[in-house]
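Participant: Structure file target.cif, mmCIF, C-alpha atoms, is pasted below:
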data_coords
#
loop_
_atom_site.label_atom_id
_atom_site.label_comp_id
_atom_site.auth_asym_id
_atom_site.auth_seq_id
_atom_site.Cartn_x
_atom_site.Cartn_y
_atom_site.Cartn_z
CA MET A 276 -16.06 8.14 -8.20
CA ALA A 277 -12.34 8.75 -7.94
CA GLU A 278 -10.88 11.83 -9.57
CA LEU A 279 -7.24 11.54 -8.58
CA ALA A 280 -4.78 8.67 -8.31
CA ASN A 281 -2.93 8.24 -5.03
CA LYS A 282 0.38 9.08 -6.70
CA ALA A 283 -1.04 12.37 -8.00
CA ALA A 284 -2.28 13.25 -4.51
CA ILE A 285 1.20 12.52 -3.20
CA CYS A 286 2.72 14.85 -5.80
CA ASP A 287 0.34 17.71 -4.98
CA THR A 288 1.03 17.31 -1.27
CA LEU A 289 4.80 17.22 -1.78
CA ILE A 290 4.64 20.40 -3.86
CA ASP A 291 2.84 22.24 -1.07
CA LEU A 292 5.28 20.97 1.56
CA ALA A 293 8.42 21.44 -0.57
CA LYS A 294 7.62 25.09 -1.22
CA ILE A 295 7.90 25.62 2.52
CA ASP A 296 10.70 23.14 3.23
CA ARG A 297 13.44 23.39 0.60
CA ASP A 298 15.15 20.29 1.98
CA ILE A 299 12.41 18.15 0.45
CA VAL A 300 13.61 16.67 -2.83
CA VAL A 301 12.08 14.17 -5.24
CA LEU A 302 14.15 11.67 -7.22
CA THR A 303 12.94 9.76 -10.27
CA SER A 304 14.42 7.15 -12.61
CA ASP A 305 12.94 8.17 -15.95
CA SER A 306 9.63 7.86 -14.08
CA ARG A 307 8.43 11.41 -13.43
CA GLY A 308 5.54 11.02 -15.85
CA SER A 309 4.47 7.60 -14.60
CA ALA A 310 4.85 8.80 -11.01
CA SER A 311 2.76 11.94 -11.70
CA MET A 312 5.77 14.03 -10.66
CA THR A 313 5.93 16.18 -13.81
CA LYS A 314 4.00 18.90 -12.01
CA PHE A 315 6.57 18.85 -9.20
CA ALA A 316 9.39 19.15 -11.74
CA ASP A 317 7.67 22.07 -13.43
CA GLU A 318 7.03 24.01 -10.23
CA LEU A 319 10.19 23.10 -8.29
CA PRO A 320 12.83 22.09 -10.88
CA GLU A 321 15.72 22.63 -8.48
CA GLN A 322 14.21 20.12 -6.04
CA LEU A 323 13.81 17.24 -8.49
CA ILE A 324 16.66 14.97 -9.50
CA GLU A 325 16.37 12.73 -12.55
CA VAL A 326 18.88 9.86 -12.54
CA GLY A 327 17.63 8.03 -15.62
CA ILE A 328 16.98 4.31 -15.79
CA ALA A 329 19.29 3.45 -12.90
CA GLU A 330 17.21 2.34 -9.94
CA GLN A 331 20.15 1.24 -7.78
CA ASN A 332 21.78 4.65 -8.21
CA LEU A 333 18.46 6.28 -7.46
CA VAL A 334 18.37 4.75 -3.98
CA GLY A 335 22.05 5.34 -3.26
CA ILE A 336 21.86 9.01 -4.23
CA ALA A 337 18.76 9.47 -2.09
CA ALA A 338 20.54 7.93 0.90
CA GLY A 339 23.49 10.27 0.39
CA LEU A 340 21.18 13.27 0.23
CA ALA A 341 19.50 12.16 3.46
CA VAL A 342 22.85 11.95 5.24
CA SER A 343 23.49 15.50 4.00
CA GLY A 344 20.32 16.76 5.67
CA LYS A 345 17.89 16.57 2.77
CA LYS A 346 14.50 14.83 2.87
CA PRO A 347 14.41 12.67 -0.27
CA TYR A 348 11.35 11.00 -1.75
CA ILE A 349 12.03 8.35 -4.39
CA ALA A 350 9.27 7.76 -6.96
CA SER A 351 9.82 4.78 -9.24
CA TYR A 352 8.19 1.52 -10.28
CA ALA A 353 7.37 -0.83 -7.39
CA ALA A 354 8.28 -3.89 -9.45
CA PHE A 355 11.80 -2.58 -10.08
CA LEU A 356 12.50 -0.93 -6.72
CA SER A 357 11.63 -4.12 -4.88
CA MET A 358 13.81 -6.33 -7.07
CA ARG A 359 16.57 -4.32 -8.77
CA SER A 360 17.24 -1.94 -5.89
CA ILE A 361 16.62 -4.17 -2.92
CA GLU A 362 20.26 -4.32 -1.78
CA GLN A 363 20.48 -0.52 -1.74
CA ILE A 364 17.18 -0.26 0.12
CA LYS A 365 18.35 -2.88 2.61
CA VAL A 366 21.81 -1.39 3.25
CA ASP A 367 21.84 2.30 2.25
CA VAL A 368 18.34 3.10 3.51
CA ALA A 369 17.16 0.63 6.17
CA TYR A 370 20.39 -0.59 7.79
CA SER A 371 21.82 2.93 7.71
CA LYS A 372 18.53 4.39 9.02
CA THR A 373 18.53 7.19 6.49
CA ASN A 374 15.51 9.45 6.12
CA VAL A 375 14.45 8.16 2.70
CA LYS A 376 10.85 7.63 1.64
CA VAL A 377 10.69 5.01 -1.12
CA ILE A 378 7.49 5.37 -3.15
CA GLY A 379 6.77 2.29 -5.25
CA ILE A 380 4.40 3.39 -8.02
CA SER A 381 2.17 1.17 -10.17
CA GLY A 382 2.19 -1.52 -7.50
CA GLY A 383 0.21 -4.73 -7.52
CA LEU A 384 -1.42 -5.49 -10.86
CA SER A 385 -1.43 -1.90 -12.18
CA TYR A 386 0.45 -2.91 -15.31
CA GLY A 387 -1.82 -5.90 -15.87
CA PRO A 388 -1.35 -6.33 -19.64
CA LEU A 389 2.47 -6.29 -19.32
CA GLY A 390 2.52 -9.45 -17.25
CA MET A 391 4.82 -10.79 -14.57
CA SER A 392 7.84 -8.58 -15.33
CA HIS A 393 5.80 -5.50 -14.37
CA HIS A 394 3.53 -6.97 -11.71
CA ALA A 395 4.59 -5.97 -8.20
CA VAL A 396 3.01 -8.68 -6.06
CA GLN A 397 6.04 -9.77 -4.03
CA ASP A 398 7.21 -6.31 -2.95
CA ILE A 399 5.47 -6.23 0.44
CA ALA A 400 6.92 -9.62 1.37
CA VAL A 401 10.42 -8.39 0.55
CA MET A 402 10.08 -5.03 2.29
CA ARG A 403 8.43 -6.48 5.41
CA ALA A 404 11.47 -8.69 5.96
CA ILE A 405 13.94 -5.78 6.07
CA PRO A 406 14.69 -4.44 9.57
CA ASN A 407 14.09 -0.72 10.28
CA LEU A 408 11.81 -0.31 7.26
CA LYS A 409 8.17 0.73 7.65
CA VAL A 410 5.70 -0.41 4.97
CA ILE A 411 2.58 1.60 4.14
CA MET A 412 -0.21 1.32 1.55
CA PRO A 413 -2.72 4.21 1.51
CA ALA A 414 -6.28 3.39 0.49
CA ASP A 415 -7.24 6.51 -1.45
CA ARG A 416 -6.15 10.02 -2.39
CA TYR A 417 -7.28 11.53 0.91
CA GLU A 418 -5.29 9.05 2.94
CA SER A 419 -2.31 9.49 0.61
CA LYS A 420 -2.31 13.23 1.27
CA LYS A 421 -2.52 12.82 5.03
CA MET A 422 0.14 10.11 4.99
CA ILE A 423 2.68 12.42 3.34
CA GLU A 424 1.84 15.21 5.77
CA VAL A 425 2.58 12.83 8.64
CA LEU A 426 5.70 11.32 7.12
CA VAL A 427 7.36 14.67 6.40
CA ASN A 428 8.02 14.93 10.14
CA ASN A 429 9.07 11.29 10.49
CA GLU A 430 12.74 10.45 9.92
CA ASP A 431 12.37 6.67 9.64
CA PRO A 432 12.94 4.81 6.37
CA VAL A 433 9.59 3.99 4.75
CA TYR A 434 8.38 2.00 1.75
CA ILE A 435 5.11 3.32 0.32
CA ARG A 436 3.21 1.36 -2.30
CA VAL A 437 0.54 2.93 -4.52
CA GLY A 438 -1.24 1.87 -7.68
CA ARG A 439 -1.28 3.44 -11.11
CA ASN A 440 -4.89 4.48 -11.55
CA PRO A 441 -7.47 6.38 -9.48
CA VAL A 442 -9.50 4.32 -7.03
CA THR A 443 -12.93 5.09 -5.67
CA GLU A 444 -12.50 6.94 -2.39
CA VAL A 445 -13.12 5.36 0.97
CA TYR A 446 -12.85 8.67 2.82
CA GLN A 447 -14.67 11.94 2.34
CA GLY A 448 -12.15 14.69 2.97
CA GLU A 449 -10.14 14.92 6.20
CA VAL A 450 -8.48 11.72 7.43
CA ASP A 451 -7.01 10.67 10.76
CA PHE A 452 -3.79 8.83 9.90
CA GLU A 453 -1.47 7.33 12.46
CA ILE A 454 1.38 4.98 11.53
CA ALA A 455 0.78 1.42 12.76
CA LYS A 456 -2.86 2.09 13.68
CA GLY A 457 -5.47 0.29 11.60
CA VAL A 458 -8.82 1.95 11.01
CA VAL A 459 -12.26 0.38 11.43
CA MET A 460 -14.09 1.62 8.35
CA ARG A 461 -17.28 -0.33 9.07
CA ASP A 462 -18.26 -2.24 12.18
CA GLY A 463 -19.60 -5.79 12.22
CA SER A 464 -19.93 -8.84 14.43
CA ASP A 465 -19.91 -11.96 12.22
CA LEU A 466 -16.53 -11.62 10.51
CA SER A 467 -13.82 -9.08 9.75
CA ILE A 468 -12.27 -8.23 6.40
CA ILE A 469 -8.81 -6.72 6.80
CA ALA A 470 -7.62 -5.02 3.62
CA CYS A 471 -4.94 -2.63 2.37
CA GLY A 472 -4.50 -0.23 -0.52
CA ARG A 473 -7.16 -0.21 -3.22
CA MET A 474 -8.64 -3.41 -1.79
CA VAL A 475 -10.16 -1.41 1.08
CA ARG A 476 -12.78 -0.11 -1.35
CA THR A 477 -13.51 -3.68 -2.50
CA ALA A 478 -13.79 -4.80 1.12
CA LEU A 479 -16.36 -2.10 1.86
CA ASP A 480 -18.38 -3.02 -1.23
CA SER A 481 -18.27 -6.68 -0.20
CA ALA A 482 -19.41 -5.87 3.33
CA LYS A 483 -22.36 -3.95 1.91
CA GLU A 484 -23.40 -6.97 -0.17
CA LEU A 485 -22.95 -9.32 2.79
CA SER A 486 -25.24 -7.12 4.87
CA LYS A 487 -28.03 -7.84 2.38
CA LEU A 488 -27.61 -11.51 3.30
CA GLY A 489 -27.84 -10.78 7.00
CA ILE A 490 -24.08 -11.08 7.56
CA SER A 491 -22.54 -8.35 9.70
CA CYS A 492 -19.04 -7.64 8.39
CA ARG A 493 -16.38 -5.44 9.95
CA VAL A 494 -13.92 -3.76 7.56
CA ILE A 495 -10.46 -2.69 8.67
CA ASN A 496 -8.13 -0.51 6.63
CA MET A 497 -4.66 -1.82 7.54
CA HIS A 498 -2.71 0.96 5.84
CA THR A 499 0.48 0.13 7.76
CA LEU A 500 1.67 -3.40 7.08
CA LYS A 501 4.80 -2.94 9.14
CA PRO A 502 4.67 -2.37 12.02
CA LEU A 503 1.29 -4.09 12.03
CA ASP A 504 -1.46 -3.05 14.42
CA ASP A 505 -1.56 -6.30 16.41
CA GLU A 506 -4.13 -4.90 18.83
CA ILE A 507 -6.82 -4.31 16.22
CA VAL A 508 -6.26 -7.78 14.74
CA ILE A 509 -6.58 -9.53 18.10
CA LYS A 510 -9.63 -7.45 19.06
CA SER A 511 -11.40 -8.17 15.77
CA ALA A 512 -10.61 -11.88 16.00
CA ALA A 513 -12.01 -12.02 19.53
CA GLU A 514 -15.17 -10.11 18.65
CA THR A 515 -16.00 -11.56 15.21
CA GLY A 516 -14.32 -14.96 15.30
CA HIS A 517 -13.56 -15.03 11.57
CA ILE A 518 -10.97 -13.14 9.51
CA ILE A 519 -10.57 -12.57 5.77
CA THR A 520 -7.55 -10.69 4.46
CA LEU A 521 -7.69 -9.03 1.08
CA GLU A 522 -4.64 -7.78 -0.82
CA GLU A 523 -3.29 -7.07 -4.29
CA HIS A 524 -0.23 -9.17 -3.51
CA SER A 525 0.98 -12.75 -3.30
CA ILE A 526 -0.72 -14.84 -0.61
CA TYR A 527 2.81 -15.37 0.75
CA GLY A 528 4.52 -12.72 2.83
CA GLY A 529 2.00 -9.90 2.56
CA LEU A 530 -0.92 -8.69 4.64
CA GLY A 531 -2.42 -12.15 5.04
CA SER A 532 0.85 -13.56 6.33
CA ALA A 533 1.30 -10.65 8.74
CA VAL A 534 -2.19 -11.10 10.17
CA ALA A 535 -1.76 -14.89 10.39
CA GLU A 536 1.47 -14.42 12.34
CA VAL A 537 -0.42 -12.40 14.94
CA LEU A 538 -3.39 -14.76 15.13
CA ALA A 539 -1.30 -17.93 15.37
CA GLN A 540 0.58 -16.58 18.38
CA ASN A 541 -2.34 -14.97 20.18
CA ILE A 542 -5.86 -16.04 19.17
CA PRO A 543 -6.21 -18.61 16.37
CA VAL A 544 -9.50 -18.23 14.49
CA SER A 545 -10.95 -19.27 11.14
CA MET A 546 -9.14 -17.32 8.44
CA LYS A 547 -8.97 -16.96 4.67
CA ILE A 548 -6.17 -15.17 2.80
CA ILE A 549 -7.32 -13.78 -0.56
CA GLY A 550 -4.60 -12.64 -2.93
CA ILE A 551 -2.47 -13.86 -5.82
CA PRO A 552 -1.67 -17.60 -5.63
CA ASP A 553 1.79 -19.11 -6.06
CA GLU A 554 1.98 -18.71 -9.81
CA PRO A 555 3.02 -16.06 -12.33
CA ALA A 556 0.00 -13.76 -12.37
CA ILE A 557 -1.82 -13.72 -15.70
CA ALA A 558 -1.67 -10.74 -18.04
CA GLY A 559 -4.80 -8.68 -18.65
CA LYS A 560 -6.55 -5.51 -17.66
CA PRO A 561 -6.33 -5.09 -13.87
CA GLU A 562 -10.08 -5.59 -13.43
CA GLU A 563 -9.88 -8.83 -15.43
CA VAL A 564 -7.01 -10.09 -13.29
CA TYR A 565 -8.84 -9.18 -10.08
CA GLU A 566 -11.85 -11.14 -11.28
CA TYR A 567 -9.71 -14.13 -12.26
CA TYR A 568 -8.11 -14.36 -8.82
CA GLY A 569 -11.23 -13.72 -6.76
CA LEU A 570 -10.35 -10.13 -5.84
CA SER A 571 -13.85 -8.94 -6.72
CA THR A 572 -16.94 -8.40 -4.61
CA PRO A 573 -18.97 -11.44 -5.81
CA SER A 574 -16.04 -13.80 -5.16
CA ILE A 575 -15.33 -12.30 -1.74
CA VAL A 576 -18.98 -12.65 -0.74
CA GLU A 577 -18.85 -16.33 -1.65
CA GLU A 578 -15.61 -16.85 0.30
CA ALA A 579 -17.16 -15.16 3.34
CA LYS A 580 -20.23 -17.41 3.17
CA LYS A 581 -18.01 -20.47 2.86
CA LEU A 582 -15.80 -19.42 5.79
CA LEU A 583 -18.81 -18.92 8.06
CA SER A 584 -20.44 -22.17 6.91
CA ASN A 585 -17.32 -24.29 7.43
CA SER A 586 -16.75 -23.01 10.96
CA ARG A 587 -20.24 -23.81 12.21
#
With the file now loaded, output its structure as structure tokens.
Facilitator:
Amino acid sequence: MAELANKAAICDTLIDLAKIDRDIVVLTSDSRGSASMTKFADELPEQLIEVGIAEQNLVGIAAGLAVSGKKPYIASYAAFLSMRSIEQIKVDVAYSKTNVKVIGISGGLSYGPLGMSHHAVQDIAVMRAIPNLKVIMPADRYESKKMIEVLVNNEDPVYIRVGRNPVTEVYQGEVDFEIAKGVVMRDGSDLSIIACGRMVRTALDSAKELSKLGISCRVINMHTLKPLDDEIVIKSAAETGHIITLEEHSIYGGLGSAVAEVLAQNIPVSMKIIGIPDEPAIAGKPEEVYEYYGLSTPSIVEEAKKLLSNSR
């Protein structure tokens, strides 16, 4: 079982890197505790900037620091960064091509009981539409660590989305991470499940259950949603003929939309997008909300059976 949330793994990795590279700075908006950055503040107080509850200023200050040669990492709530600060991310970070890494914490349905105001299920759609901005969702703590190690030497603007709580790992230690390169976590020939973030674990669990029914399911960890790995999508469509996308996000504008854009222009196949429908997501514990919207293994198994049945 998971021992560390992705955001905590990011903090630990940044501490190690920032002790060597003093240009690395972390900025928070009254969010150091929620972002698991208290440890960073304790160990490297001169490399953490607290701006208070002022998300627009947070992004603008980070962009200014980047222009001055620093390597800023913003850590604040995904729901607020993607809505309150979107103009600053669009202009100060992406348009200006500043070396700012925007970490959206508690993404998806992490704050389930607090309802729509705190759900971040439109953030990927917004960020994907902004030119010059990469969008990444690591699957577990191991991939989060490797992602930061790779990004520290990358000067492009990036939006990173992580959840609030630990997730069961999909890797066991060392990870090969390359931006814009999806990873086949499990091979299969009957259909492919393409997932991102914490849903990769759910996809693997679903594939295991499908195997008991004689259904061979490929699982792809699409950690980079922009730029998308078109090649792995086209290859999987050609080899398995059926695609399911799984995401903790609206069915509009996220992973499912990105995959559908590739398939429609290259190799149309039977496809099902599983995510949050076009409605204000209900309030409840995250696991309850996942169950309600079919983001659980039993529901995914049934959707896979239906997809295969309807295409025969």
Participant: Using all atoms listed in the file, which residue out of A:Gln397, A:Asn429, A:Thr303, A:Ser464 lies closest to Ala329 of chain A?
Facilitator: A:Thr303
Participant: I need the residue set behind the PyMOL selection byres ((chain A and resi 453) around 10) for this file; please write it as a PyMOL selection string.
Facilitator: chain A and resi 421-422+425-426+450-452+454-458+498-499
Participant: Using all atoms listed in the file for the distances, tell me which of A:Leu503, A:Ala350, A:Leu582, A:Val534 is nearest to Val326 of chain A.
Facilitator: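 Between A:Leu503, A:Ala350, A:Leu582, A:Val534, the residue approaching Val326 of chain A most closely is A:Ala350.
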Participant: Counting only C-alpha atoms, what is within 12 Å of Tyr370 of chain A, bar same-chain residues fewer than 6 positions away, as a VMD selection string?
Facilitator: chain A and resid 338 361 to 364 405 to 408 431 to 432
Participant: Hey, can you spit out that residue selection with C-alpha atoms as a tab-separated table (two decimals), keeping the file's coordinate frame?
Facilitator:
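Output saved as out_16.tsv:
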chain	number	residue	atom	x	y	z
A	338	ALA	CA	20.54	7.93	0.90
A	361	ILE	CA	16.62	-4.17	-2.92
A	362	GLU	CA	20.26	-4.32	-1.78
A	363	GLN	CA	20.48	-0.52	-1.74
A	364	ILE	CA	17.18	-0.26	0.12
A	405	ILE	CA	13.94	-5.78	6.07
A	406	PRO	CA	14.69	-4.44	9.57
A	407	ASN	CA	14.09	-0.72	10.28
A	408	LEU	CA	11.81	-0.31	7.26
A	431	ASP	CA	12.37	6.67	9.64
A	432	PRO	CA	12.94	4.81	6.37
Participant: Residues picked by the PyMOL selection byres ((chain A and resi 446) around 12) here, as a VMD selection string?
Facilitator: chain A and resid 276 to 277 413 to 421 442 to 445 447 to 452 458 to 461 475 to 476 479 496
Participant: Figure out the distance between atom CA of Leu279 of chain A and atom CA of Asn440 of chain A, please, to one decimal in Å.
Facilitator: 8.0 Å
Participant: I'd like the contact shell of Ala470 of chain A - 10 Å cut-off, only C-alpha atoms, skipping same-chain residues fewer than 3 positions apart - returned as a list in words.
Facilitator: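 The neighbour list is Met412, Ala414, Gly457, Ser467, Arg473, Met474, Val475, Arg476, Thr477, Ala478, Leu479, Val494, Ile495, Asn496, Met497, His498, Ile519, Thr520, Leu521, Glu522, Glu523, Leu530, Gly531 and Ile549 of chain A.
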